[in-house]
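upload.cif follows; it contains mmCIF, C-alpha atoms.
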```cif
data_input
loop_
_atom_site.label_atom_id
_atom_site.label_comp_id
_atom_site.auth_asym_id
_atom_site.auth_seq_id
_atom_site.Cartn_x
_atom_site.Cartn_y
_atom_site.Cartn_z
CA MET A 217 -11.96 -12.46 -9.68
CA ILE A 218 -15.61 -13.15 -8.86
CA VAL A 219 -16.94 -14.72 -5.68
CA ALA A 220 -20.70 -15.01 -5.35
CA VAL A 221 -23.46 -16.69 -3.35
CA ALA A 222 -26.32 -18.10 -5.41
CA ASP A 223 -28.90 -18.43 -2.61
CA PHE A 224 -28.26 -16.53 0.61
CA GLU A 225 -30.57 -18.77 2.65
CA ALA A 226 -28.57 -21.85 1.63
CA GLY A 227 -25.47 -20.37 3.25
CA THR A 228 -21.96 -21.33 2.30
CA GLU A 229 -22.73 -24.95 1.47
CA GLU A 230 -20.72 -26.56 -1.31
CA GLY A 231 -22.14 -25.65 -4.69
CA ASN A 232 -23.70 -22.43 -3.40
CA ILE A 233 -20.40 -20.49 -3.60
CA ILE A 234 -19.77 -19.56 -7.21
CA MET A 235 -16.37 -18.66 -8.62
CA SER A 236 -17.52 -18.10 -12.22
CA LEU A 237 -20.92 -17.07 -13.50
CA GLY A 238 -23.15 -18.82 -15.95
CA GLN A 239 -25.49 -16.91 -18.20
CA GLY A 240 -28.78 -15.90 -16.60
CA GLN A 241 -27.73 -16.85 -13.07
CA ASN A 242 -29.37 -14.90 -10.22
CA LEU A 243 -27.27 -14.11 -7.15
CA ASP A 244 -27.87 -12.91 -3.61
CA TRP A 245 -24.29 -11.71 -3.05
CA ALA A 246 -21.29 -11.06 -5.30
CA ASN A 247 -17.80 -9.63 -4.95
CA LEU A 248 -15.91 -8.33 -7.95
CA LYS A 249 -12.25 -7.31 -7.81
CA LEU A 250 -11.08 -5.64 -10.99
CA ASP A 251 -7.47 -6.88 -10.76
CA PRO A 252 -6.96 -9.75 -8.27
CA GLU A 253 -3.17 -9.38 -8.60
CA ASP A 254 -3.20 -5.72 -7.48
CA PRO A 255 -3.98 -5.19 -3.77
CA ALA A 256 -4.96 -1.58 -4.50
CA SER A 257 -7.40 -2.51 -7.27
CA ALA A 258 -11.03 -1.41 -6.98
CA GLU A 259 -13.32 -3.98 -5.41
CA PHE A 260 -17.13 -3.99 -5.42
CA MET A 261 -19.58 -6.00 -3.32
CA PHE A 262 -23.22 -6.34 -4.40
CA GLN A 263 -26.04 -7.77 -2.26
CA SER A 264 -29.69 -8.52 -2.83
CA ARG A 265 -32.11 -6.85 -0.47
CA LYS A 266 -32.82 -10.10 1.41
CA SER A 267 -29.09 -10.78 1.84
CA LEU A 268 -28.45 -7.26 3.15
CA GLU A 269 -31.38 -7.46 5.58
CA ALA A 270 -30.11 -10.83 6.86
CA ASP A 271 -26.64 -9.33 7.47
CA LEU A 272 -27.97 -6.06 8.90
CA PRO A 273 -31.40 -6.54 10.52
CA ALA A 274 -31.48 -2.78 11.27
CA LEU A 275 -32.22 -2.28 7.54
CA LYS A 276 -35.18 -4.70 7.49
CA GLY A 277 -38.27 -2.91 6.23
CA VAL A 278 -36.45 0.38 5.69
CA ALA A 279 -37.57 1.97 2.43
CA ILE A 280 -35.05 1.79 -0.38
CA SER A 281 -33.91 5.25 -1.38
CA ALA A 282 -30.79 7.01 -2.56
CA SER A 283 -28.44 5.50 -0.02
CA GLN A 284 -25.17 3.67 0.21
CA THR A 285 -23.09 1.54 2.47
CA LEU A 286 -19.44 2.50 2.53
CA TYR A 287 -16.90 -0.29 2.98
CA LEU A 288 -13.58 0.75 4.48
CA ARG A 289 -10.57 -1.47 5.12
CA THR A 290 -8.80 -1.41 8.46
CA ASP A 291 -5.77 -3.21 9.90
CA ASP A 292 -7.47 -4.27 13.15
CA ALA A 293 -11.27 -4.36 13.09
CA ASP A 294 -11.64 -5.55 16.68
CA ALA A 295 -9.36 -2.88 18.17
CA GLN A 296 -11.10 -0.21 16.12
CA TYR A 297 -14.52 -1.47 17.20
CA ASN A 298 -13.48 -1.56 20.87
CA SER A 299 -12.21 2.02 20.75
CA LEU A 300 -15.38 3.34 19.05
CA LYS A 301 -18.27 1.13 20.22
CA ASP A 302 -19.35 3.44 23.05
CA LYS A 303 -19.10 6.57 20.88
CA VAL A 304 -21.01 5.56 17.74
CA ASP A 305 -24.27 3.87 16.72
CA VAL A 306 -23.13 0.25 16.17
CA ILE A 307 -25.52 -1.74 14.00
CA GLN A 308 -23.41 -4.93 13.68
CA GLU A 309 -20.75 -6.05 16.14
CA PRO A 310 -17.57 -7.62 14.70
CA ILE A 311 -18.23 -10.79 12.74
CA THR A 312 -16.05 -13.04 10.60
CA ARG A 313 -17.49 -13.55 7.12
CA PHE A 314 -17.05 -16.59 4.90
CA TYR A 315 -15.13 -14.51 2.34
CA GLY A 316 -12.20 -13.93 4.72
CA MET A 317 -13.05 -10.57 6.25
CA ARG A 318 -13.60 -9.51 9.87
CA GLU A 319 -16.22 -6.73 9.72
CA TRP A 320 -18.31 -4.42 11.87
CA TYR A 321 -20.91 -1.78 10.92
CA MET A 322 -21.91 1.60 12.30
CA LYS A 323 -24.28 4.39 11.33
CA ASP A 324 -22.65 7.82 11.00
CA PRO A 325 -24.37 11.05 12.16
CA ASP A 326 -25.80 11.58 8.65
CA GLY A 327 -27.37 8.11 8.65
CA TYR A 328 -24.89 6.45 6.29
CA ILE A 329 -23.88 2.87 7.03
CA LEU A 330 -20.11 2.40 7.33
CA CYS A 331 -18.56 -1.04 7.29
CA PHE A 332 -15.00 -1.53 8.49
CA GLY A 333 -13.38 -4.72 7.23
CA GLN A 334 -10.08 -6.41 8.00
CA GLU A 335 -8.73 -9.06 5.66
CA LEU A 336 -7.88 -12.19 7.63
CA SER A 337 -4.78 -14.21 6.88
CA ARG A 338 -5.40 -17.19 4.62
CA GLU A 339 -3.26 -19.78 6.33
#
```

Translate this structure into structure tokens?
Amino acid sequence: MIVAVADFEAGTEEGNIIMSLGQGQNLDWANLKLDPEDPASAEFMFQSRKSLEADLPALKGVAISASQTLYLRTDDADAQYNSLKDKVDVIQEPITRFYGMREWYMKDPDGYILCFGQELSRE
């Protein structure tokens, strides 16, 4: 399954969310799940630099180098955030994303960005 955003600045307007790719299409954000039927299947999220900087202003202007953002799933993002917020370097408070995840970001002592995401019910 592919979910992508063609132009990050255009937001989640109709026509900007792409569920299948055409040849030569440029994207600001994309999510690829290898097997949508298997909850344990590997899932990858890709972002353009401008999309990432819009989501995480703390990364604006930071030189690109060998780095990574780790995305970890949790059962209760808000409870986790509330228990850790005074003990870690929070760079994004909890936010609900258009793709059905509640997420928050922190920087670990080694400088890596960790994102904790909770899948929201789709009712």

*What gap, in Å, lies between CA of Gln296 in chain A and CA of Gln308 in chain A?*
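Computing the Euclidean distance for CA of Gln296 in chain A and CA of Gln308 in chain A yields 13.4 Å.
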
*asked:* One decimal, in Å: what's the spacing between CA of Ala270 in chain A and CA of Asp291 in chain A?
replied: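 Between CA of Ala270 in chain A and CA of Asp291 in chain A the gap is 25.7 Å.
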
*Kindly resolve the PyMOL selection byres ((chain A and resi 271) around 12) on the present coordinates and return the residues as a list in words.*
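Given this file, the PyMOL selection byres ((chain A and resi 271) around 12) evaluates to Phe224, Glu225, Gly227, Asp244, Trp245, Gln263, Ser264, Arg265, Lys266, Ser267, Leu268, Glu269, Ala270, Leu272, Pro273, Ala274, Leu275, Lys276, Ile307, Gln308, Glu309, Pro310, Ile311, Thr312, Arg313, Glu319, Trp320, Tyr321 and Cys331 of chain A.
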
*Given the choices A:Leu336, A:Gly277, A:Leu330, A:Tyr315, which gets closest to Asp294 in chain A if the distance is worked out from all atoms listed in the file?*
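Ranked by minimum distance to Asp294 in chain A, first place goes to A:Leu336.
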
*Select all residues near (-26.9, -16.2, -4.5) (cut-off 8 Å, inclusive, file coordinates), counting all atoms listed in the file, and output them as a VMD selection string.*
chain A and resid 220 to 224 232 to 233 242 to 246

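What separates CA of Asp324 in chain A from CA of Leu248 in chain A is a distance of 25.8 Å.
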
*Within 12 Å of (-11.6, -6.3, 3.0), only C-alpha atoms: residues as number ranges by chain?*
A: 247-249, 255-261, 286-293, 312-320, 331-337
